[in-house]
>>> print(open('my_file05.txt').read())   # compact mmCIF, C-alpha atoms and all ligand atoms
# COMPACT_ATOMS: atom_id res chain seq x y z
CA MET R 1 -4.80 -25.73 -9.63
CA THR R 2 -1.72 -23.57 -9.88
CA SER R 3 -0.57 -21.66 -6.85
CA PRO R 4 -1.21 -17.86 -6.82
CA PRO R 5 1.91 -15.65 -7.21
CA VAL R 6 1.92 -14.92 -3.48
CA LEU R 7 0.62 -17.26 -0.82
CA ALA R 8 1.30 -16.92 2.89
CA GLU R 9 -0.41 -19.18 5.39
CA ASP R 10 -0.37 -18.48 9.09
CA LEU R 11 3.02 -16.87 8.90
CA THR R 12 4.76 -16.00 12.14
CA LYS R 13 8.17 -14.43 12.50
CA SER R 14 9.55 -13.51 15.87
CA PHE R 15 12.89 -11.97 16.66
CA GLY R 16 13.76 -13.62 19.97
CA SER R 17 11.04 -12.42 22.28
CA ARG R 18 10.18 -9.52 19.97
CA ARG R 19 7.08 -9.63 17.87
CA GLY R 20 7.61 -9.47 14.16
CA ILE R 21 4.41 -10.80 12.61
CA THR R 22 1.81 -13.22 13.97
CA GLY R 23 -0.40 -15.58 11.96
CA VAL R 24 -0.30 -13.57 8.74
CA SER R 25 -2.17 -15.09 5.79
CA LEU R 26 -2.23 -13.40 2.39
CA VAL R 27 -3.10 -14.39 -1.14
CA VAL R 28 -2.19 -12.22 -4.11
CA GLU R 29 -3.71 -13.39 -7.38
CA GLN R 30 -2.13 -13.02 -10.78
CA GLY R 31 -2.80 -9.66 -12.41
CA GLN R 32 -3.75 -8.12 -9.07
CA VAL R 33 -2.40 -4.96 -7.48
CA PHE R 34 -2.46 -5.73 -3.79
CA GLY R 35 -1.98 -2.94 -1.27
CA PHE R 36 -0.40 -3.74 2.07
CA LEU R 37 -1.08 -1.03 4.59
CA GLY R 38 -0.07 -0.49 8.15
CA PRO R 39 1.54 1.99 10.53
CA ASN R 40 5.25 2.07 11.33
CA GLY R 41 6.48 -1.15 12.87
CA ALA R 42 3.27 -3.03 12.00
CA GLY R 43 5.10 -5.82 10.14
CA LYS R 44 4.91 -4.92 6.44
CA SER R 45 8.61 -5.25 5.70
CA THR R 46 8.92 -8.37 7.83
CA THR R 47 6.10 -10.05 5.88
CA ILE R 48 7.65 -9.00 2.58
CA ARG R 49 11.07 -10.33 3.60
CA CYS R 50 9.51 -13.67 4.50
CA LEU R 51 7.79 -13.77 1.11
CA LEU R 52 11.12 -13.23 -0.62
CA GLY R 53 13.09 -15.70 1.45
CA LEU R 54 15.16 -12.95 3.09
CA TYR R 55 13.78 -13.96 6.49
CA ARG R 56 13.07 -17.54 7.46
CA PRO R 57 9.62 -17.63 9.09
CA THR R 58 9.39 -18.97 12.63
CA SER R 59 6.31 -20.92 11.50
CA GLY R 60 3.81 -21.00 8.68
CA ARG R 61 4.03 -21.59 4.96
CA VAL R 62 5.08 -19.35 2.06
CA ARG R 63 4.85 -19.91 -1.68
CA THR R 64 6.15 -17.20 -3.97
CA LEU R 65 5.58 -17.84 -7.67
CA GLY R 66 4.72 -21.37 -6.62
CA ARG R 67 8.01 -22.02 -4.84
CA ASP R 68 9.23 -22.08 -1.29
CA PRO R 69 11.45 -18.97 -1.15
CA THR R 70 13.58 -20.35 1.67
CA HIS R 71 15.08 -22.84 -0.79
CA GLY R 72 17.07 -21.71 -3.81
CA ALA R 73 15.85 -18.16 -4.19
CA ALA R 74 18.38 -17.15 -6.84
CA GLY R 75 16.66 -18.57 -9.92
CA TYR R 76 13.26 -17.14 -9.47
CA LEU R 77 14.47 -13.77 -8.22
CA ARG R 78 14.85 -12.99 -11.92
CA GLU R 79 11.10 -13.23 -12.08
CA VAL R 80 10.66 -10.94 -9.07
CA GLY R 81 11.26 -7.21 -8.95
CA TYR R 82 11.90 -6.05 -5.41
CA LEU R 83 12.20 -2.53 -4.13
CA PRO R 84 13.32 -2.75 -0.49
CA GLY R 85 11.98 -0.33 2.09
CA GLU R 86 15.54 0.55 3.01
CA LEU R 87 17.10 0.92 -0.39
CA ARG R 88 20.89 0.58 -0.43
CA LEU R 89 22.72 1.23 -3.66
CA PRO R 90 26.45 1.33 -4.39
CA GLU R 91 27.08 4.99 -3.64
CA ALA R 92 30.06 5.51 -5.91
CA LEU R 93 28.38 4.16 -9.03
CA THR R 94 26.11 6.13 -11.34
CA GLY R 95 22.55 5.08 -12.11
CA ALA R 96 23.73 3.89 -15.54
CA ASP R 97 26.45 1.71 -13.89
CA VAL R 98 23.93 0.21 -11.50
CA PHE R 99 21.47 -0.59 -14.27
CA ALA R 100 24.21 -2.24 -16.34
CA ARG R 101 25.41 -4.30 -13.37
CA PHE R 102 21.94 -5.52 -12.39
CA GLY R 103 21.06 -6.12 -16.03
CA ARG R 104 24.03 -8.46 -16.40
CA MET R 105 23.21 -10.26 -13.15
CA ARG R 106 19.70 -10.98 -14.30
CA GLY R 107 20.61 -11.69 -17.89
CA ALA R 108 18.09 -9.04 -18.94
CA ALA R 109 18.32 -8.17 -22.60
CA ASP R 110 15.46 -5.68 -22.84
CA THR R 111 17.17 -2.33 -22.45
CA ALA R 112 14.39 -0.54 -24.37
CA TYR R 113 11.97 -0.84 -21.45
CA ARG R 114 14.68 0.24 -19.02
CA ASP R 115 15.37 3.34 -21.12
CA GLU R 116 11.66 4.07 -21.29
CA LEU R 117 11.44 3.88 -17.48
CA VAL R 118 14.42 6.20 -17.10
CA GLU R 119 12.77 8.65 -19.46
CA ARG R 120 9.31 8.50 -17.92
CA LEU R 121 10.52 8.84 -14.33
CA GLY R 122 13.18 11.40 -15.23
CA VAL R 123 16.00 9.41 -13.61
CA GLU R 124 19.43 11.04 -13.43
CA THR R 125 21.68 8.27 -14.72
CA ASP R 126 25.02 10.03 -15.05
CA ARG R 127 25.71 11.13 -11.49
CA PRO R 128 27.03 9.01 -8.60
CA ILE R 129 24.24 7.64 -6.43
CA ARG R 130 25.70 9.42 -3.42
CA SER R 131 25.01 12.80 -5.03
CA LEU R 132 21.35 12.10 -5.75
CA SER R 133 18.43 13.45 -3.72
CA LYS R 134 16.26 10.97 -1.81
CA GLY R 135 13.53 11.00 -4.46
CA ASN R 136 16.01 10.57 -7.30
CA LYS R 137 17.64 7.61 -5.53
CA GLN R 138 14.21 6.09 -5.06
CA LYS R 139 13.58 6.40 -8.80
CA VAL R 140 16.74 4.40 -9.48
CA GLY R 141 15.36 1.72 -7.15
CA ILE R 142 12.04 1.70 -9.00
CA VAL R 143 13.75 1.25 -12.36
CA LEU R 144 15.82 -1.60 -10.89
CA ALA R 145 12.66 -3.33 -9.69
CA LEU R 146 10.80 -2.97 -12.99
CA MET R 147 13.42 -3.02 -15.74
CA HIS R 148 13.55 -6.80 -16.28
CA ARG R 149 9.73 -6.99 -16.55
CA PRO R 150 9.37 -9.41 -13.63
CA ARG R 151 6.19 -11.47 -13.25
CA LEU R 152 5.92 -10.33 -9.64
CA LEU R 153 6.67 -6.86 -8.33
CA VAL R 154 7.18 -6.45 -4.59
CA LEU R 155 7.51 -2.81 -3.66
CA ASP R 156 8.08 -1.78 -0.06
CA GLU R 157 6.96 1.84 0.29
CA PRO R 158 7.81 2.68 -3.30
CA THR R 159 6.75 6.32 -3.44
CA SER R 160 8.50 7.58 -0.34
CA GLY R 161 10.31 10.71 -1.43
CA LEU R 162 8.58 11.03 -4.82
CA ASP R 163 6.90 14.29 -5.76
CA PRO R 164 3.22 14.19 -6.81
CA LEU R 165 4.00 14.17 -10.53
CA GLN R 166 6.33 11.19 -10.19
CA GLN R 167 3.80 9.46 -7.94
CA ASP R 168 1.29 9.74 -10.82
CA GLU R 169 3.77 8.28 -13.27
CA PHE R 170 4.59 5.51 -10.84
CA ALA R 171 0.88 4.69 -10.42
CA THR R 172 0.54 4.47 -14.20
CA LEU R 173 3.52 2.09 -14.41
CA VAL R 174 2.01 -0.14 -11.74
CA ARG R 175 -1.35 -0.26 -13.53
CA GLU R 176 0.36 -1.06 -16.84
CA HIS R 177 2.30 -3.87 -15.22
CA ALA R 178 -0.92 -5.45 -13.89
CA ALA R 179 -2.76 -4.89 -17.18
CA ASP R 180 0.00 -6.91 -18.88
CA GLY R 181 -0.75 -9.81 -16.51
CA GLY R 182 1.93 -8.98 -13.94
CA THR R 183 1.26 -9.08 -10.21
CA VAL R 184 2.05 -6.31 -7.74
CA LEU R 185 2.34 -6.30 -3.97
CA LEU R 186 2.86 -2.80 -2.69
CA SER R 187 3.26 -1.67 0.89
CA SER R 188 2.59 1.80 2.21
CA HIS R 189 1.32 3.80 5.13
CA ASP R 190 -0.42 6.08 2.72
CA LEU R 191 -3.97 5.01 2.07
CA ASP R 192 -4.45 7.42 -0.84
CA GLU R 193 -1.48 6.04 -2.65
CA VAL R 194 -2.81 2.52 -2.25
CA GLN R 195 -6.44 3.13 -3.12
CA ARG R 196 -5.42 4.72 -6.41
CA VAL R 197 -3.83 1.55 -7.72
CA ALA R 198 -4.86 -1.43 -5.63
CA GLY R 199 -7.87 -3.65 -6.22
CA ARG R 200 -7.41 -5.38 -2.92
CA VAL R 201 -6.04 -4.15 0.39
CA ALA R 202 -4.82 -5.84 3.54
CA ILE R 203 -4.21 -3.84 6.68
CA ILE R 204 -1.66 -5.02 9.22
CA ARG R 205 -1.51 -3.73 12.74
CA GLU R 206 0.81 -4.87 15.52
CA GLY R 207 1.87 -7.86 13.44
CA ARG R 208 -1.64 -9.12 12.64
CA ILE R 209 -3.90 -8.71 9.63
CA VAL R 210 -6.97 -6.74 10.74
CA ALA R 211 -8.67 -6.34 7.34
CA ASP R 212 -8.29 -7.98 3.95
CA ASP R 213 -10.81 -7.20 1.25
CA THR R 214 -11.40 -5.52 -2.10
CA VAL R 215 -11.25 -1.74 -2.07
CA THR R 216 -14.89 -1.70 -3.22
CA ALA R 217 -16.04 -3.87 -0.31
CA LEU R 218 -14.02 -1.91 2.23
CA ARG R 219 -15.55 1.27 0.88
CA ALA R 220 -19.04 -0.17 1.20
CA ASP R 221 -18.32 -0.73 4.89
CA ALA R 222 -16.80 2.69 5.35
CA PRO R 223 -18.94 5.62 6.45
CA ASP R 224 -20.06 8.47 4.16
CA THR R 225 -19.52 12.05 5.24
CA MET R 226 -22.09 14.86 5.30
CA GLU R 227 -21.45 18.52 5.92
CA LEU R 228 -24.31 20.82 6.88
CA THR R 229 -24.44 24.56 7.27
CA PHE R 230 -27.26 26.57 8.79
CA ASP R 231 -28.44 30.18 8.78
CA HIS R 232 -29.55 29.75 12.38
CA ASP R 233 -28.02 28.19 15.47
CA VAL R 234 -28.57 24.44 15.80
CA ASP R 235 -28.02 21.68 18.30
CA ALA R 236 -26.43 18.49 16.92
CA GLY R 237 -28.05 16.53 19.78
CA PRO R 238 -30.86 14.81 17.83
CA LEU R 239 -28.31 13.48 15.33
CA THR R 240 -26.09 11.85 17.91
CA GLU R 241 -29.00 9.64 19.02
CA LEU R 242 -29.28 7.92 15.65
CA ALA R 243 -27.50 4.59 15.19
CA GLY R 244 -24.71 4.69 12.60
CA ILE R 245 -24.15 8.44 12.87
CA THR R 246 -21.01 9.97 14.29
CA VAL R 247 -20.87 13.73 14.66
CA LEU R 248 -17.27 14.65 13.84
CA ALA R 249 -17.57 18.37 14.44
CA SER R 250 -20.33 20.75 15.34
CA GLY R 251 -20.51 24.50 15.77
CA PRO R 252 -23.51 26.74 16.18
CA ARG R 253 -24.07 26.88 12.40
CA ARG R 254 -22.15 23.90 11.06
CA ILE R 255 -22.22 20.12 11.53
CA THR R 256 -19.96 17.48 10.01
CA LEU R 257 -21.02 13.89 10.46
CA THR R 258 -20.35 10.43 9.10
CA TYR R 259 -22.95 7.74 8.68
CA THR R 260 -23.11 4.13 7.61
CA GLY R 261 -26.15 2.41 6.12
CA PRO R 262 -29.04 4.00 4.20
CA ALA R 263 -29.24 7.78 3.91
CA ALA R 264 -33.03 8.16 4.37
CA PRO R 265 -33.20 8.05 8.20
CA VAL R 266 -30.29 10.48 8.39
CA LEU R 267 -31.95 12.86 5.93
CA ALA R 268 -35.22 12.74 7.86
CA VAL R 269 -33.52 14.02 11.02
CA VAL R 270 -31.34 16.45 9.07
CA ALA R 271 -34.40 17.92 7.31
CA ARG R 272 -35.95 18.79 10.65
CA LEU R 273 -32.89 20.91 11.45
CA ALA R 274 -33.55 22.89 8.21
CA PRO R 275 -29.99 23.21 6.87
CA GLU R 276 -29.12 25.97 4.45
CA SER R 277 -26.72 23.72 2.51
CA LEU R 278 -25.71 20.09 2.47
CA THR R 279 -22.63 18.45 0.96
CA ALA R 280 -22.20 14.67 1.00
CA HIS R 281 -19.00 12.76 0.19
CA PRO R 282 -19.03 9.10 -0.70
CA ALA R 283 -17.15 6.77 1.58
CA ASP R 284 -13.46 7.06 1.42
CA LEU R 285 -11.29 4.59 3.21
CA ASP R 286 -9.78 7.25 5.41
CA GLU R 287 -12.26 6.94 8.20
CA LEU R 288 -12.18 3.15 8.18
CA PHE R 289 -8.43 3.21 8.06
CA ARG R 290 -8.20 5.52 11.04
CA ARG R 291 -10.56 3.29 12.97
CA LEU R 292 -8.47 0.22 12.20
CA TYR R 293 -5.30 2.01 13.16
CA ASP R 294 -6.71 3.34 16.41
CA ASP R 295 -8.86 0.52 17.73
CA ALA R 296 -7.76 -2.81 19.06
CA PRO R 297 -7.96 -5.52 16.42
CA THR R 298 -11.17 -7.51 16.58
CA PRO R 299 -11.17 -11.31 16.75
CA GLY R 300 -11.87 -12.94 13.40
CA GLY R 301 -9.89 -10.36 11.49
CA ARG R 302 -12.74 -8.15 10.27
CA PRO R 303 -13.69 -4.83 11.81
N1 LIG D 401 15.84 -7.82 12.06
C1 LIG D 401 15.02 -7.52 13.06
N2 LIG D 401 15.41 -7.71 14.34
C2 LIG D 401 14.58 -7.44 15.38
N3 LIG D 401 13.33 -6.95 15.24
C3 LIG D 401 12.90 -6.74 14.00
C4 LIG D 401 13.70 -7.01 12.84
N4 LIG D 401 12.99 -6.70 11.73
C5 LIG D 401 11.79 -6.24 12.19
N5 LIG D 401 11.73 -6.28 13.54
C6 LIG D 401 10.57 -5.90 14.37
O1 LIG D 401 9.39 -6.39 13.77
C7 LIG D 401 8.34 -5.47 13.87
C8 LIG D 401 7.78 -5.15 12.50
O2 LIG D 401 8.73 -4.37 11.78
P1 LIG D 401 8.62 -4.07 10.23
O3 LIG D 401 9.91 -3.48 9.80
O4 LIG D 401 8.15 -5.28 9.53
O5 LIG D 401 7.46 -2.97 10.22
P2 LIG D 401 6.93 -2.10 8.99
O6 LIG D 401 5.44 -2.31 8.96
O7 LIG D 401 7.68 -2.41 7.76
O8 LIG D 401 7.20 -0.62 9.49
P3 LIG D 401 7.65 0.71 8.67
O9 LIG D 401 6.39 1.31 8.17
O10 LIG D 401 8.26 1.55 9.75
O11 LIG D 401 8.60 0.31 7.60
C9 LIG D 401 8.90 -4.26 14.60
O12 LIG D 401 8.55 -4.36 15.95
C10 LIG D 401 10.39 -4.40 14.41
O13 LIG D 401 11.09 -3.83 15.48
MG MG D 402 8.93 -1.28 6.55
>>> encode(input="my_file05.txt", output="structure tokens")
Amino acid sequence: MTSPPVLAEDLTKSFGSRRGITGVSLVVEQGQVFGFLGPNGAGKSTTIRCLLGLYRPTSGRVRTLGRDPTHGAAGYLREVGYLPGELRLPEALTGADVFARFGRMRGAADTAYRDELVERLGVETDRPIRSLSKGNKQKVGIVLALMHRPRLLVLDEPTSGLDPLQQDEFATLVREHAADGGTVLLSSHDLDEVQRVAGRVAIIREGRIVADDTVTALRADAPDTMELTFDHDVDAGPLTELAGITVLASGPRRITLTYTGPAAPVLAVVARLAPESLTAHPADLDELFRRLYDDAPTPGGRP
């Protein structure tokens, strides 16, 4: 069996006595868009650097495109497109200069795709990098990561600084890349950004993976939301006694709650309160995400 494009087994990286990441295992399959989520300092960039051979892990095993990245990274880096979290570009050069330089380094001949990317993202190619806004610099970085059509894209917080329109275009580019058989690993703290494009999501917290599943499965575990309004004063008390229900907010004539599991028992209690209107939202990962961010990680890795 061939190795998946990204394989990390029990990866630990410490910086002296400082925690980097602890026992991180990840598998990204070919053609997958894999979202890597976690709060600031959780260990996303550290994991990514280990995967690319930029950090040598303290222990554990890494295979990137089937190879050990700590040995001879140069060759296969042509097959990887990397957008670092802390993008540094030669400030005096223009976007066009940078593209030409990187193109030569990688021996990339396909300038048509590069030009298409420039066009679609609206990159300013004729001004020195130093004069570009944050978002426009980031777009240069995105083109650099994608322009040689790498088999594996590793993007560390790719949409930071992009306006909503460019975020849409970026999401389309990522989906196209995966549809063509490419593989994408994308880190973010923004759940919405990730759930738009990723089929699978891992959440890292304080250096450890606390969830790793398909977006569909995570959603199935996540609570649905219900909003109720009343034309009379009500007491949310009876609802709070039901297992699986959390009352998020309640006023005299309004209740917002989340619930997991079947709706029928919830509706039975709700009906007795005689609401004037009811709105239900299907599970979104927000609530789950917040729980995973806030709570201590549970043993076994699943919430
Ligand atoms: N070169 C380094 N030297 C010392 N500590 C480091 C180094 N790189 C990372 N760390 C530590 O490792 C931990 C994880 O950091 P990392 O940059 O991987 O987090 P992150 O999830 O990418 O956060 P952010 O969302 O802020 O980018 C932090 O505690 C950080 O201080
Ligand atoms: Mg980072």
>>> closest_residue(input="my_file05.txt", among="R:Ile245, R:Val143, R:Ala8, R:Ile204", to="ligand LIG 401 (chain D)", atoms="all atoms listed in the file")
R:Ile204
>>> residues_near_ligand(input="my_file05.txt", ligand="ligand LIG 401 (chain D)", cutoff="12 Å", atoms="only C-alpha atoms and all ligand atoms", output="VMD selection string")
chain R and resid 12 to 22 24 36 to 51 54 to 57 84 to 87 155 to 158 160 186 to 190 203 to 209
>>> closest_residue(input="my_file05.txt", among="R:Arg253, R:His148, R:Arg130, R:Arg219", to="Leu117 in chain R", atoms="all atoms listed in the file")
R:His148
>>> residues_around(input="my_file05.txt", residues="Asp110 in chain R", least_positions_apart="5", cutoff="9 Å", atoms="all atoms listed in the file", output="list of chain:residue names")
R:Gly103, R:Met147, R:His148, R:Arg149
>>> write_last_selection(input="my_file05.txt", atoms="C-alpha atoms", output="PDB file, keeping the file's coordinate frame")
ATOM      1  CA  GLY R 103      21.060  -6.120 -16.030  1.00  0.00           C
ATOM      2  CA  MET R 147      13.420  -3.020 -15.740  1.00  0.00           C
ATOM      3  CA  HIS R 148      13.550  -6.800 -16.280  1.00  0.00           C
ATOM      4  CA  ARG R 149       9.730  -6.990 -16.550  1.00  0.00           C
TER       5      ARG R 149
END
>>> residues_near_point(input="my_file05.txt", point="(-0.6, -19.9, -7.4)", cutoff="10 Å", atoms="all atoms listed in the file", output="NGL selection string")
:R and (1-7 or 27-30 or 63-67)
>>> residues_around(input="my_file05.txt", residues="Leu162 in chain R", least_positions_apart="2", cutoff="12 Å", atoms="only C-alpha atoms", output="ChimeraX atom specification")
/R:121-123,133-142,157-160,164-171,193
>>> write_last_selection(input="my_file05.txt", atoms="C-alpha atoms", output="tab-separated table (two decimals), in the coordinates of the input")
chain	number	residue	atom	x	y	z
R	121	LEU	CA	10.52	8.84	-14.33
R	122	GLY	CA	13.18	11.40	-15.23
R	123	VAL	CA	16.00	9.41	-13.61
R	133	SER	CA	18.43	13.45	-3.72
R	134	LYS	CA	16.26	10.97	-1.81
R	135	GLY	CA	13.53	11.00	-4.46
R	136	ASN	CA	16.01	10.57	-7.30
R	137	LYS	CA	17.64	7.61	-5.53
R	138	GLN	CA	14.21	6.09	-5.06
R	139	LYS	CA	13.58	6.40	-8.80
R	140	VAL	CA	16.74	4.40	-9.48
R	141	GLY	CA	15.36	1.72	-7.15
R	142	ILE	CA	12.04	1.70	-9.00
R	157	GLU	CA	6.96	1.84	0.29
R	158	PRO	CA	7.81	2.68	-3.30
R	159	THR	CA	6.75	6.32	-3.44
R	160	SER	CA	8.50	7.58	-0.34
R	164	PRO	CA	3.22	14.19	-6.81
R	165	LEU	CA	4.00	14.17	-10.53
R	166	GLN	CA	6.33	11.19	-10.19
R	167	GLN	CA	3.80	9.46	-7.94
R	168	ASP	CA	1.29	9.74	-10.82
R	169	GLU	CA	3.77	8.28	-13.27
R	170	PHE	CA	4.59	5.51	-10.84
R	171	ALA	CA	0.88	4.69	-10.42
R	193	GLU	CA	-1.48	6.04	-2.65
>>> residues_around(input="my_file05.txt", residues="Glu79 in chain R", least_positions_apart="2", cutoff="12 Å", atoms="all atoms listed in the file", output="VMD selection string")
chain R and resid 5 52 64 to 67 73 to 77 81 to 82 106 to 108 145 to 154 182 to 183
>>> atom_distance(input="my_file05.txt", atom1="CA of Leu144 in chain R", atom2="CA of Asp163 in chain R")
18.9 Å
>>> closest_residue(input="my_file05.txt", among="R:Leu285, R:Ile129, R:Ala222, R:Leu83", to="ligand MG 402 (chain D)", atoms="only C-alpha atoms and all ligand atoms")
R:Leu83
>>> build_atoms(input="my_file05.txt", residues="range 260-271 of chain R", atoms="N, CA, C and O atoms", output="PDB file, in the coordinates of the input")
ATOM      1  N   THR R 260     -23.148   5.384   8.368  1.00  0.00           N
ATOM      2  CA  THR R 260     -23.110   4.130   7.610  1.00  0.00           C
ATOM      3  C   THR R 260     -24.559   3.680   7.409  1.00  0.00           C
ATOM      4  O   THR R 260     -25.440   4.074   8.171  1.00  0.00           O
ATOM      5  N   GLY R 261     -24.798   2.903   6.397  1.00  0.00           N
ATOM      6  CA  GLY R 261     -26.150   2.410   6.120  1.00  0.00           C
ATOM      7  C   GLY R 261     -26.917   3.385   5.244  1.00  0.00           C
ATOM      8  O   GLY R 261     -26.344   4.329   4.693  1.00  0.00           O
ATOM      9  N   PRO R 262     -28.244   3.182   5.116  1.00  0.00           N
ATOM     10  CA  PRO R 262     -29.040   4.000   4.200  1.00  0.00           C
ATOM     11  C   PRO R 262     -29.105   5.463   4.636  1.00  0.00           C
ATOM     12  O   PRO R 262     -29.023   5.767   5.831  1.00  0.00           O
ATOM     13  N   ALA R 263     -29.263   6.345   3.640  1.00  0.00           N
ATOM     14  CA  ALA R 263     -29.240   7.780   3.910  1.00  0.00           C
ATOM     15  C   ALA R 263     -30.582   8.294   4.424  1.00  0.00           C
ATOM     16  O   ALA R 263     -30.627   9.290   5.149  1.00  0.00           O
ATOM     17  N   ALA R 264     -31.691   7.609   4.078  1.00  0.00           N
ATOM     18  CA  ALA R 264     -33.030   8.160   4.370  1.00  0.00           C
ATOM     19  C   ALA R 264     -33.259   8.550   5.843  1.00  0.00           C
ATOM     20  O   ALA R 264     -33.683   9.679   6.106  1.00  0.00           O
ATOM     21  N   PRO R 265     -32.954   7.651   6.807  1.00  0.00           N
ATOM     22  CA  PRO R 265     -33.200   8.050   8.200  1.00  0.00           C
ATOM     23  C   PRO R 265     -32.373   9.262   8.617  1.00  0.00           C
ATOM     24  O   PRO R 265     -32.830  10.097   9.402  1.00  0.00           O
ATOM     25  N   VAL R 266     -31.165   9.350   8.061  1.00  0.00           N
ATOM     26  CA  VAL R 266     -30.290  10.480   8.390  1.00  0.00           C
ATOM     27  C   VAL R 266     -30.921  11.760   7.832  1.00  0.00           C
ATOM     28  O   VAL R 266     -31.024  12.786   8.518  1.00  0.00           O
ATOM     29  N   LEU R 267     -31.370  11.679   6.580  1.00  0.00           N
ATOM     30  CA  LEU R 267     -31.950  12.860   5.930  1.00  0.00           C
ATOM     31  C   LEU R 267     -33.211  13.328   6.652  1.00  0.00           C
ATOM     32  O   LEU R 267     -33.462  14.533   6.759  1.00  0.00           O
ATOM     33  N   ALA R 268     -33.987  12.375   7.161  1.00  0.00           N
ATOM     34  CA  ALA R 268     -35.220  12.740   7.860  1.00  0.00           C
ATOM     35  C   ALA R 268     -34.902  13.623   9.072  1.00  0.00           C
ATOM     36  O   ALA R 268     -35.536  14.668   9.268  1.00  0.00           O
ATOM     37  N   VAL R 269     -33.885  13.231   9.833  1.00  0.00           N
ATOM     38  CA  VAL R 269     -33.520  14.020  11.020  1.00  0.00           C
ATOM     39  C   VAL R 269     -32.879  15.341  10.591  1.00  0.00           C
ATOM     40  O   VAL R 269     -33.181  16.405  11.152  1.00  0.00           O
ATOM     41  N   VAL R 270     -32.024  15.254   9.560  1.00  0.00           N
ATOM     42  CA  VAL R 270     -31.340  16.450   9.070  1.00  0.00           C
ATOM     43  C   VAL R 270     -32.365  17.483   8.591  1.00  0.00           C
ATOM     44  O   VAL R 270     -32.265  18.676   8.892  1.00  0.00           O
ATOM     45  N   ALA R 271     -33.395  17.015   7.873  1.00  0.00           N
ATOM     46  CA  ALA R 271     -34.400  17.920   7.310  1.00  0.00           C
ATOM     47  C   ALA R 271     -35.073  18.739   8.411  1.00  0.00           C
ATOM     48  O   ALA R 271     -35.346  19.929   8.230  1.00  0.00           O
TER      49      ALA R 271
END
